[in-house]
$ cat query.cif   # mmCIF, C-alpha atoms
data_input
#
loop_
_atom_site.group_PDB
_atom_site.id
_atom_site.type_symbol
_atom_site.label_atom_id
_atom_site.label_comp_id
_atom_site.auth_asym_id
_atom_site.auth_seq_id
_atom_site.Cartn_x
_atom_site.Cartn_y
_atom_site.Cartn_z
ATOM 1 C CA CYS A 80 94.274 42.686 116.315
ATOM 2 C CA CYS A 81 92.216 42.753 113.114
ATOM 3 C CA GLY A 82 93.321 39.231 112.273
ATOM 4 C CA GLU A 83 92.325 37.955 115.699
ATOM 5 C CA LEU A 84 88.873 39.498 115.306
ATOM 6 C CA GLY A 85 88.416 38.378 111.712
ATOM 7 C CA MET A 86 88.282 42.005 110.545
ATOM 8 C CA LYS A 87 89.879 43.893 107.653
ATOM 9 C CA VAL A 88 90.838 47.551 107.410
ATOM 10 C CA ALA A 89 88.842 48.849 104.434
ATOM 11 C CA ALA A 90 91.345 51.505 103.359
ATOM 12 C CA VAL A 91 93.844 54.081 104.544
ATOM 13 C CA VAL A 92 92.745 57.658 103.799
ATOM 14 C CA THR A 93 95.076 60.567 103.109
ATOM 15 C CA GLY A 94 92.828 63.630 103.267
ATOM 16 C CA ARG A 95 94.257 65.117 106.451
ATOM 17 C CA VAL A 96 97.591 65.754 104.760
ATOM 18 C CA TYR A 97 95.716 68.394 102.757
ATOM 19 C CA THR A 98 93.064 69.575 105.207
ATOM 20 C CA GLN A 99 95.561 70.139 108.029
ATOM 21 C CA THR A 100 98.363 71.708 105.982
ATOM 22 C CA GLY A 101 96.802 73.056 102.785
ATOM 23 C CA LEU A 102 99.488 71.190 100.822
ATOM 24 C CA SER A 103 98.712 68.784 98.008
ATOM 25 C CA LEU A 104 100.145 66.422 95.413
ATOM 26 C CA ALA A 105 99.942 69.300 92.927
ATOM 27 C CA ASP A 106 101.515 71.990 95.098
ATOM 28 C CA PRO A 107 103.418 74.445 92.849
ATOM 29 C CA VAL A 108 106.329 74.620 95.320
ATOM 30 C CA SER A 109 108.579 71.647 94.639
ATOM 31 C CA GLU A 110 109.782 71.146 98.224
ATOM 32 C CA ARG A 111 106.241 71.141 99.580
ATOM 33 C CA ARG A 112 105.007 68.792 96.867
ATOM 34 C CA THR A 113 107.867 66.387 97.561
ATOM 35 C CA TRP A 114 106.945 66.424 101.251
ATOM 36 C CA VAL A 115 103.322 65.501 100.421
ATOM 37 C CA VAL A 116 104.434 62.668 98.138
ATOM 38 C CA ASP A 117 106.638 61.349 100.935
ATOM 39 C CA GLN A 118 103.727 61.495 103.370
ATOM 40 C CA VAL A 119 101.498 59.515 100.988
ATOM 41 C CA LYS A 120 104.281 56.950 100.583
ATOM 42 C CA ARG A 121 104.179 56.490 104.346
ATOM 43 C CA TYR A 122 100.425 55.833 104.058
ATOM 44 C CA ILE A 123 101.191 53.281 101.349
ATOM 45 C CA ASP A 124 103.673 51.572 103.684
ATOM 46 C CA VAL A 125 100.986 51.346 106.359
ATOM 47 C CA ALA A 126 98.474 50.024 103.836
ATOM 48 C CA ALA A 127 100.949 47.375 102.706
ATOM 49 C CA SER A 128 101.293 46.134 106.282
ATOM 50 C CA LEU A 129 97.498 46.024 106.604
ATOM 51 C CA LYS A 130 96.959 44.529 103.121
ATOM 52 C CA THR A 131 94.556 47.284 102.123
ATOM 53 C CA ASP A 132 94.129 50.239 99.730
ATOM 54 C CA VAL A 133 95.023 53.941 99.911
ATOM 55 C CA VAL A 134 92.388 56.570 99.110
ATOM 56 C CA ILE A 135 93.507 59.609 97.098
ATOM 57 C CA GLY A 136 90.866 62.258 97.731
ATOM 58 C CA TRP A 137 91.363 65.769 99.078
ATOM 59 C CA VAL A 138 95.131 65.363 98.882
ATOM 60 C CA LYS A 139 94.815 65.964 95.118
ATOM 61 C CA GLY A 140 94.332 69.654 95.971
ATOM 62 C CA ARG A 141 92.591 72.356 93.933
ATOM 63 C CA PHE A 142 93.265 74.922 91.220
ATOM 64 C CA SER A 143 94.481 78.361 92.362
ATOM 65 C CA LEU A 144 95.882 81.604 90.985
ATOM 66 C CA ASP A 145 99.429 80.330 91.436
ATOM 67 C CA ASN A 146 98.463 76.840 90.278
ATOM 68 C CA PRO A 147 96.236 77.159 87.195
ATOM 69 C CA GLN A 148 94.626 74.146 85.574
ATOM 70 C CA SER A 149 97.405 73.249 83.111
ATOM 71 C CA LEU A 150 100.134 73.465 85.759
ATOM 72 C CA TYR A 151 97.981 71.647 88.306
ATOM 73 C CA TYR A 152 97.467 68.626 86.043
ATOM 74 C CA ARG A 153 101.154 68.448 85.106
ATOM 75 C CA LEU A 154 102.298 68.508 88.731
ATOM 76 C CA LEU A 155 99.582 66.143 89.923
ATOM 77 C CA THR A 156 100.464 63.665 87.194
ATOM 78 C CA GLU A 157 104.147 63.723 88.157
ATOM 79 C CA SER A 158 103.181 62.924 91.744
ATOM 80 C CA MET A 159 100.632 60.271 90.808
ATOM 81 C CA LYS A 160 103.033 58.441 88.504
ATOM 82 C CA GLU A 161 105.623 58.292 91.269
ATOM 83 C CA LEU A 162 103.053 57.098 93.813
ATOM 84 C CA ASP A 163 101.514 54.586 91.389
ATOM 85 C CA ALA A 164 104.922 52.994 90.826
ATOM 86 C CA TYR A 165 105.648 52.950 94.563
ATOM 87 C CA ALA A 166 102.239 51.429 95.322
ATOM 88 C CA GLY A 167 102.898 48.729 92.747
ATOM 89 C CA MET A 168 106.162 47.790 94.438
ATOM 90 C CA LYS A 169 104.280 47.511 97.735
ATOM 91 C CA CYS A 170 101.350 45.526 96.246
ATOM 92 C CA VAL A 171 98.937 48.313 97.217
ATOM 93 C CA ARG A 172 96.130 49.822 95.144
ATOM 94 C CA LEU A 173 95.517 53.561 95.008
ATOM 95 C CA VAL A 174 91.850 54.531 94.677
ATOM 96 C CA VAL A 175 91.065 58.030 93.389
ATOM 97 C CA GLU A 176 87.897 59.399 94.941
ATOM 98 C CA VAL A 177 85.345 60.915 92.561
ATOM 99 C CA ILE A 178 83.870 63.936 94.405
ATOM 100 C CA ASN A 179 81.183 66.449 93.470
ATOM 101 C CA ARG A 180 81.927 69.850 91.889
ATOM 102 C CA TYR A 181 81.043 71.818 95.019
ATOM 103 C CA GLU A 182 83.985 70.312 96.900
ATOM 104 C CA VAL A 183 86.680 69.878 94.233
ATOM 105 C CA ASP A 184 87.682 71.259 90.826
ATOM 106 C CA CYS A 185 88.231 68.044 88.873
ATOM 107 C CA PHE A 186 87.651 64.295 88.889
ATOM 108 C CA ILE A 187 83.927 64.791 89.443
ATOM 109 C CA THR A 188 82.674 61.952 87.208
ATOM 110 C CA ALA A 189 83.646 58.351 86.631
ATOM 111 C CA ARG A 190 84.410 59.081 82.964
ATOM 112 C CA GLU A 191 86.751 61.991 83.716
ATOM 113 C CA THR A 192 88.611 60.050 86.391
ATOM 114 C CA LEU A 193 88.877 56.844 84.369
ATOM 115 C CA ASP A 194 90.181 58.769 81.347
ATOM 116 C CA TYR A 195 92.854 60.367 83.537
ATOM 117 C CA ILE A 196 93.937 57.065 85.097
ATOM 118 C CA GLU A 197 94.104 55.172 81.818
ATOM 119 C CA GLY A 198 95.469 58.116 79.850
ATOM 120 C CA ASN A 199 98.441 58.390 82.191
ATOM 121 C CA GLY A 200 99.142 54.673 82.445
ATOM 122 C CA LEU A 201 98.490 54.435 86.181
ATOM 123 C CA GLU A 202 98.471 50.652 86.417
ATOM 124 C CA HIS A 203 97.914 50.385 90.163
ATOM 125 C CA THR A 204 95.311 53.166 90.447
ATOM 126 C CA TYR A 205 91.558 52.556 90.534
ATOM 127 C CA LEU A 206 88.300 54.465 90.907
ATOM 128 C CA HIS A 207 86.603 55.217 94.196
ATOM 129 C CA LEU A 208 82.907 55.976 93.626
ATOM 130 C CA ASP A 209 80.403 57.363 96.129
ATOM 131 C CA THR A 210 76.648 57.259 95.516
ATOM 132 C CA PHE A 211 76.101 60.627 97.217
ATOM 133 C CA HIS A 212 78.525 62.372 94.849
ATOM 134 C CA MET A 213 77.324 60.325 91.872
ATOM 135 C CA ASN A 214 73.766 61.495 92.439
ATOM 136 C CA LEU A 215 74.990 65.086 91.971
ATOM 137 C CA GLU A 216 77.247 64.558 88.971
ATOM 138 C CA GLU A 217 76.436 61.456 86.940
ATOM 139 C CA THR A 218 73.670 61.518 84.332
ATOM 140 C CA ASP A 219 73.252 57.781 84.934
ATOM 141 C CA MET A 220 74.974 56.345 87.993
ATOM 142 C CA TYR A 221 74.331 52.751 86.915
ATOM 143 C CA GLU A 222 76.112 53.364 83.610
ATOM 144 C CA ALA A 223 78.925 55.062 85.544
ATOM 145 C CA ILE A 224 79.370 51.869 87.580
ATOM 146 C CA ARG A 225 79.356 49.797 84.394
ATOM 147 C CA LEU A 226 81.895 52.171 82.841
ATOM 148 C CA ALA A 227 84.221 51.772 85.818
ATOM 149 C CA GLY A 228 83.913 47.989 85.546
ATOM 150 C CA PRO A 229 87.077 46.210 86.716
ATOM 151 C CA ARG A 230 88.658 49.591 87.508
ATOM 152 C CA LEU A 231 86.195 50.154 90.352
ATOM 153 C CA GLY A 232 88.309 49.553 93.424
ATOM 154 C CA TYR A 233 86.291 51.065 96.261
ATOM 155 C CA MET A 234 82.693 52.119 96.841
ATOM 156 C CA HIS A 235 80.956 54.425 99.313
ATOM 157 C CA VAL A 236 77.198 54.237 99.737
ATOM 158 C CA ALA A 237 74.986 56.958 101.178
ATOM 159 C CA ASP A 238 71.552 58.193 100.199
ATOM 160 C CA ASN A 239 70.940 61.591 98.590
ATOM 161 C CA THR A 240 70.371 62.829 102.159
ATOM 162 C CA ARG A 241 73.955 61.787 102.955
ATOM 163 C CA LEU A 242 72.432 59.518 105.549
ATOM 164 C CA ALA A 243 72.085 55.745 105.488
ATOM 165 C CA PRO A 244 70.620 53.988 102.443
ATOM 166 C CA GLY A 245 66.840 54.134 102.721
ATOM 167 C CA THR A 246 66.574 57.621 104.192
ATOM 168 C CA GLY A 247 66.309 59.236 100.751
ATOM 169 C CA CYS A 248 65.356 58.431 97.181
ATOM 170 C CA LEU A 249 68.273 56.457 95.709
ATOM 171 C CA ASP A 250 67.511 52.966 94.398
ATOM 172 C CA PHE A 251 70.048 50.845 96.280
ATOM 173 C CA LYS A 252 68.581 47.585 95.086
ATOM 174 C CA LYS A 253 69.440 48.602 91.532
ATOM 175 C CA ILE A 254 72.833 49.963 92.620
ATOM 176 C CA PHE A 255 73.731 46.652 94.260
ATOM 177 C CA GLU A 256 72.433 44.719 91.254
ATOM 178 C CA THR A 257 74.672 46.792 88.975
ATOM 179 C CA LEU A 258 77.688 46.178 91.217
ATOM 180 C CA LYS A 259 76.948 42.471 91.071
ATOM 181 C CA GLU A 260 76.583 42.719 87.292
ATOM 182 C CA ILE A 261 80.150 44.055 86.875
ATOM 183 C CA GLY A 262 81.538 41.481 89.289
ATOM 184 C CA TYR A 263 82.462 43.959 92.018
ATOM 185 C CA GLU A 264 83.921 41.998 94.940
ATOM 186 C CA SER A 265 85.561 44.679 97.044
ATOM 187 C CA ILE A 266 84.209 46.343 100.171
ATOM 188 C CA LEU A 267 81.210 48.661 100.386
ATOM 189 C CA ILE A 268 81.476 51.418 102.969
ATOM 190 C CA GLY A 269 78.684 53.601 104.307
ATOM 191 C CA GLY A 270 79.945 57.162 103.804
ATOM 192 C CA MET A 271 77.396 59.012 105.941
ATOM 193 C CA SER A 272 78.054 62.281 107.763
ATOM 194 C CA ALA A 273 74.930 63.819 109.265
ATOM 195 C CA ARG A 274 72.565 63.599 112.219
ATOM 196 C CA VAL A 275 70.112 60.735 112.310
ATOM 197 C CA THR A 276 66.661 61.945 113.360
ATOM 198 C CA ARG A 277 63.916 59.828 114.872
ATOM 199 C CA GLN A 278 62.085 60.019 111.535
ATOM 200 C CA HIS A 279 65.097 58.608 109.655
ATOM 201 C CA LYS A 280 65.617 55.900 112.259
ATOM 202 C CA ASN A 281 61.974 54.800 112.103
ATOM 203 C CA ARG A 282 62.119 54.698 108.313
ATOM 204 C CA LEU A 283 65.228 52.507 108.386
ATOM 205 C CA GLN A 284 63.722 50.139 110.930
ATOM 206 C CA SER A 285 60.444 49.855 109.054
ATOM 207 C CA LYS A 286 62.182 49.082 105.742
ATOM 208 C CA ASN A 287 65.076 47.009 107.119
ATOM 209 C CA VAL A 288 67.065 48.659 104.348
ATOM 210 C CA LEU A 289 70.562 47.862 105.513
ATOM 211 C CA ILE A 290 69.713 44.247 106.288
ATOM 212 C CA ASP A 291 67.629 43.382 103.226
ATOM 213 C CA GLN A 292 69.667 45.214 100.624
ATOM 214 C CA GLY A 293 73.004 44.689 102.305
ATOM 215 C CA ARG A 294 72.550 40.924 102.178
ATOM 216 C CA GLU A 295 72.789 41.118 98.391
ATOM 217 C CA ALA A 296 75.937 43.257 98.470
ATOM 218 C CA PRO A 297 79.473 41.822 98.641
ATOM 219 C CA HIS A 298 81.224 42.355 101.987
ATOM 220 C CA PHE A 299 78.742 45.071 102.992
ATOM 221 C CA LEU A 300 80.048 47.180 105.869
ATOM 222 C CA ILE A 301 78.801 50.358 107.466
ATOM 223 C CA GLY A 302 81.582 52.768 108.390
ATOM 224 C CA LEU A 303 80.389 56.121 109.667
ATOM 225 C CA SER A 304 82.526 59.122 108.747
ATOM 226 C CA SER A 305 81.296 61.099 111.745
ATOM 227 C CA VAL A 306 79.867 60.361 115.167
ATOM 228 C CA TYR A 307 76.095 60.512 115.385
ATOM 229 C CA GLU A 308 74.931 63.255 117.710
ATOM 230 C CA LYS A 309 72.695 62.290 120.593
ATOM 231 C CA LYS A 310 69.289 63.912 120.540
ATOM 232 C CA GLU A 311 66.622 63.179 123.131
ATOM 233 C CA GLY A 312 68.469 60.025 124.082
ATOM 234 C CA ASP A 313 68.101 58.611 120.568
ATOM 235 C CA PHE A 314 70.882 56.698 118.803
ATOM 236 C CA LEU A 315 70.772 54.658 115.636
ATOM 237 C CA LYS A 316 71.117 51.091 116.838
#

$ encode --input "query.cif" --output "structure tokens"
Amino acid sequence: CCGELGMKVAAVVTGRVYTQTGLSLADPVSERRTWVVDQVKRYIDVAASLKTDVVIGWVKGRFSLDNPQSLYYRLLTESMKELDAYAGMKCVRLVVEVINRYEVDCFITARETLDYIEGNGLEHTYLHLDTFHMNLEETDMYEAIRLAGPRLGYMHVADNTRLAPGTGCLDFKKIFETLKEIGYESILIGGMSARVTRQHKNRLQSKNVLIDQGREAPHFLIGLSSVYEKKEGDFLK
């Protein structure tokens, strides 16, 4: 179907394995951890058939009393090495999402995540950056993009409002210029998850943000992570 329409699936996401079961790639119970790894391998199989990437986000799990930091990293690394090797056999890239500190316990900056990937020899694993999270954690998001360089495999864009680019204060022209500078050629996804008000819609239309800035971005797509709520008959067109 995608081929007939000239479309591409941007990525396969794995978060529901964790959010619906509470189990993760670092689960301290071996049988449960093995089950999660097997589930992610199934996602990799799907991604291989679609010729796309697999996002490793929430499925990384969190620290806990029965899974302290040192144990967590050891177990996560065992799982990631197994999945990295499997992804390589399937010609699939894994992209580790860098998320802000209020939602996760680790991998909150590009530097931390890149050091982990390279330090553990994960050859088929890349960074997944998100401008909303970067605005909260990076001291310089443009330098973070440059640091990621060829290891940047996937990019979400949203303003500091977590709405569409142009509804807040982030400089997307400079963000896109920096992506172009490092030779980023993968897909850009709009990772927005909030209501769009009439004020936001008018601001977008007046600035033509997504059209003007998106034209300079490689393969710019807008993929909403939640359905906009209808208010007074108003939808973002």

$ residues_around --input "query.cif" --residues "stretch 85-99 of chain A" --least-positions-apart "4" --cutoff "9 Å" --atoms "all atoms listed in the file" --output "list in words"
Cys80, Cys81, Ser103, Leu104, Val115, Gln118, Val119, Tyr122, Ile123, Val125, Ala126, Leu129, Lys130, Thr131, Asp132, Val133, Val134, Ile135, Gly136, Trp137, Val138, Lys139, Gly140, Tyr233, Ile266, Leu267 and Ile268 of chain A

$ atom_distance --input "query.cif" --atom1 "atom CA of A:Val236" --atom2 "atom CA of A:Leu155"
27.2 Å

$ residues_around --input "query.cif" --residues "stretch 197-202 of chain A" --least-positions-apart "3" --cutoff "9 Å" --atoms "all atoms listed in the file" --output "count of residues only"
10

$ residues_near_point --input "query.cif" --point "(84.6, 57.6, 82.7)" --cutoff "12 Å" --atoms "all atoms listed in the file" --output "ChimeraX atom specification"
/A:177,186-198,205-208,216-220,222-228,230-231

$ atom_distance --input "query.cif" --atom1 "atom CA of A:Pro107" --atom2 "atom CA of A:Asp184"
16.2 Å

$ atom_distance --input "query.cif" --atom1 "atom CA of A:Ile261" --atom2 "atom CA of A:Tyr221"
10.5 Å

$ residues_around --input "query.cif" --residues "A:Thr204" --least-positions-apart "3" --cutoff "6 Å" --atoms "only C-alpha atoms" --output "list in words"
Arg172, Leu173, Val174 and Leu201 of chain A

$ decode --input "query.cif" --residues "stretch 205-219 of chain A" --atoms "all heavy atoms" --output "JSON list (two decimals), in the first residue's frame"
[["chain", "number", "residue", "atom", "x", "y", "z"],
["A", 205, "TYR", "N", 21.53, 4.13, 16.61],
["A", 205, "TYR", "CA", 21.72, 5.56, 16.34],
["A", 205, "TYR", "C", 20.93, 6.40, 17.34],
["A", 205, "TYR", "O", 20.17, 5.87, 18.16],
["A", 205, "TYR", "CB", 21.27, 5.87, 14.91],
["A", 205, "TYR", "CG", 22.13, 5.22, 13.85],
["A", 205, "TYR", "CD1", 22.03, 3.85, 13.58],
["A", 205, "TYR", "CD2", 23.06, 5.95, 13.13],
["A", 205, "TYR", "CE1", 22.84, 3.23, 12.63],
["A", 205, "TYR", "CE2", 23.87, 5.35, 12.18],
["A", 205, "TYR", "CZ", 23.76, 4.00, 11.94],
["A", 205, "TYR", "OH", 24.56, 3.40, 11.00],
["A", 206, "LEU", "N", 21.12, 7.71, 17.25],
["A", 206, "LEU", "CA", 20.41, 8.63, 18.13],
["A", 206, "LEU", "C", 19.09, 9.06, 17.51],
["A", 206, "LEU", "O", 18.97, 9.24, 16.30],
["A", 206, "LEU", "CB", 21.24, 9.90, 18.40],
["A", 206, "LEU", "CG", 22.19, 9.86, 19.60],
["A", 206, "LEU", "CD1", 23.39, 8.99, 19.26],
["A", 206, "LEU", "CD2", 22.64, 11.26, 19.98],
["A", 207, "HIS", "N", 18.13, 9.26, 18.39],
["A", 207, "HIS", "CA", 16.84, 9.84, 18.02],
["A", 207, "HIS", "C", 16.68, 11.09, 18.88],
["A", 207, "HIS", "O", 16.50, 11.01, 20.09],
["A", 207, "HIS", "CB", 15.74, 8.81, 18.30],
["A", 207, "HIS", "CG", 14.34, 9.35, 18.30],
["A", 207, "HIS", "ND1", 13.99, 10.63, 17.90],
["A", 207, "HIS", "CD2", 13.17, 8.75, 18.67],
["A", 207, "HIS", "CE1", 12.69, 10.79, 18.02],
["A", 207, "HIS", "NE2", 12.17, 9.68, 18.49],
["A", 208, "LEU", "N", 16.79, 12.27, 18.25],
["A", 208, "LEU", "CA", 16.66, 13.53, 18.97],
["A", 208, "LEU", "C", 15.28, 14.13, 18.76],
["A", 208, "LEU", "O", 14.60, 13.84, 17.78],
["A", 208, "LEU", "CB", 17.74, 14.52, 18.51],
["A", 208, "LEU", "CG", 19.20, 14.13, 18.79],
["A", 208, "LEU", "CD1", 20.15, 15.21, 18.28],
["A", 208, "LEU", "CD2", 19.42, 13.88, 20.28],
["A", 209, "ASP", "N", 14.88, 14.97, 19.70],
["A", 209, "ASP", "CA", 13.56, 15.61, 19.69],
["A", 209, "ASP", "C", 13.75, 17.03, 20.22],
["A", 209, "ASP", "O", 14.24, 17.22, 21.33],
["A", 209, "ASP", "CB", 12.61, 14.81, 20.59],
["A", 209, "ASP", "CG", 11.19, 15.34, 20.60],
["A", 209, "ASP", "OD1", 11.01, 16.58, 20.69],
["A", 209, "ASP", "OD2", 10.25, 14.52, 20.56],
["A", 210, "THR", "N", 13.37, 18.03, 19.42],
["A", 210, "THR", "CA", 13.65, 19.41, 19.81],
["A", 210, "THR", "C", 12.94, 19.82, 21.10],
["A", 210, "THR", "O", 13.44, 20.65, 21.85],
["A", 210, "THR", "CB", 13.25, 20.39, 18.69],
["A", 210, "THR", "OG1", 11.87, 20.18, 18.33],
["A", 210, "THR", "CG2", 14.13, 20.19, 17.46],
["A", 211, "PHE", "N", 11.77, 19.23, 21.38],
["A", 211, "PHE", "CA", 11.08, 19.55, 22.63],
["A", 211, "PHE", "C", 11.91, 19.11, 23.82],
["A", 211, "PHE", "O", 12.13, 19.87, 24.77],
["A", 211, "PHE", "CB", 9.71, 18.87, 22.67],
["A", 211, "PHE", "CG", 9.00, 19.03, 23.99],
["A", 211, "PHE", "CD1", 8.35, 20.21, 24.31],
["A", 211, "PHE", "CD2", 9.02, 18.01, 24.93],
["A", 211, "PHE", "CE1", 7.72, 20.37, 25.54],
["A", 211, "PHE", "CE2", 8.39, 18.16, 26.16],
["A", 211, "PHE", "CZ", 7.74, 19.34, 26.47],
["A", 212, "HIS", "N", 12.41, 17.88, 23.80],
["A", 212, "HIS", "CA", 13.23, 17.37, 24.89],
["A", 212, "HIS", "C", 14.58, 18.09, 24.94],
["A", 212, "HIS", "O", 15.10, 18.39, 26.02],
["A", 212, "HIS", "CB", 13.45, 15.87, 24.73],
["A", 212, "HIS", "CG", 12.19, 15.07, 24.78],
["A", 212, "HIS", "ND1", 11.33, 15.08, 25.86],
["A", 212, "HIS", "CD2", 11.63, 14.23, 23.87],
["A", 212, "HIS", "CE1", 10.31, 14.28, 25.63],
["A", 212, "HIS", "NE2", 10.46, 13.76, 24.42],
["A", 213, "MET", "N", 15.14, 18.38, 23.78],
["A", 213, "MET", "CA", 16.44, 19.06, 23.72],
["A", 213, "MET", "C", 16.37, 20.44, 24.37],
["A", 213, "MET", "O", 17.31, 20.87, 25.04],
["A", 213, "MET", "CB", 16.89, 19.19, 22.27],
["A", 213, "MET", "CG", 17.18, 17.87, 21.58],
["A", 213, "MET", "SD", 17.49, 18.08, 19.82],
["A", 213, "MET", "CE", 19.16, 18.72, 19.87],
["A", 214, "ASN", "N", 15.26, 21.12, 24.18],
["A", 214, "ASN", "CA", 15.09, 22.45, 24.76],
["A", 214, "ASN", "C", 15.15, 22.40, 26.29],
["A", 214, "ASN", "O", 15.54, 23.37, 26.94],
["A", 214, "ASN", "CB", 13.76, 23.04, 24.30],
["A", 214, "ASN", "CG", 13.52, 24.44, 24.83],
["A", 214, "ASN", "OD1", 14.31, 25.35, 24.59],
["A", 214, "ASN", "ND2", 12.45, 24.63, 25.57],
["A", 215, "LEU", "N", 14.78, 21.26, 26.87],
["A", 215, "LEU", "CA", 14.79, 21.11, 28.32],
["A", 215, "LEU", "C", 16.14, 20.65, 28.85],
["A", 215, "LEU", "O", 16.47, 20.94, 30.01],
["A", 215, "LEU", "CB", 13.72, 20.08, 28.74],
["A", 215, "LEU", "CG", 12.27, 20.46, 28.50],
["A", 215, "LEU", "CD1", 11.35, 19.27, 28.77],
["A", 215, "LEU", "CD2", 11.86, 21.64, 29.38],
["A", 216, "GLU", "N", 16.91, 19.95, 28.04],
["A", 216, "GLU", "CA", 18.11, 19.29, 28.56],
["A", 216, "GLU", "C", 19.44, 19.77, 27.99],
["A", 216, "GLU", "O", 20.45, 19.72, 28.68],
["A", 216, "GLU", "CB", 17.99, 17.78, 28.35],
["A", 216, "GLU", "CG", 16.79, 17.14, 29.02],
["A", 216, "GLU", "CD", 16.83, 17.24, 30.53],
["A", 216, "GLU", "OE1", 17.89, 17.56, 31.10],
["A", 216, "GLU", "OE2", 15.78, 17.00, 31.16],
["A", 217, "GLU", "N", 19.46, 20.17, 26.75],
["A", 217, "GLU", "CA", 20.73, 20.53, 26.12],
["A", 217, "GLU", "C", 21.11, 21.98, 26.41],
["A", 217, "GLU", "O", 20.26, 22.87, 26.35],
["A", 217, "GLU", "CB", 20.66, 20.33, 24.60],
["A", 217, "GLU", "CG", 20.28, 18.93, 24.14],
["A", 217, "GLU", "CD", 21.38, 17.90, 24.36],
["A", 217, "GLU", "OE1", 22.48, 18.28, 24.80],
["A", 217, "GLU", "OE2", 21.12, 16.72, 24.08],
["A", 218, "THR", "N", 22.37, 22.22, 26.72],
["A", 218, "THR", "CA", 22.82, 23.60, 26.91],
["A", 218, "THR", "C", 22.90, 24.33, 25.57],
["A", 218, "THR", "O", 22.79, 25.56, 25.52],
["A", 218, "THR", "CB", 24.20, 23.64, 27.60],
["A", 218, "THR", "OG1", 25.12, 22.86, 26.83],
["A", 218, "THR", "CG2", 24.10, 23.05, 29.01],
["A", 219, "ASP", "N", 23.10, 23.57, 24.50],
["A", 219, "ASP", "CA", 23.15, 24.14, 23.15],
["A", 219, "ASP", "C", 22.64, 23.07, 22.20],
["A", 219, "ASP", "O", 23.37, 22.13, 21.87],
["A", 219, "ASP", "CB", 24.57, 24.55, 22.81],
["A", 219, "ASP", "CG", 24.68, 25.26, 21.46],
["A", 219, "ASP", "OD1", 23.88, 24.95, 20.55],
["A", 219, "ASP", "OD2", 25.58, 26.12, 21.31]]
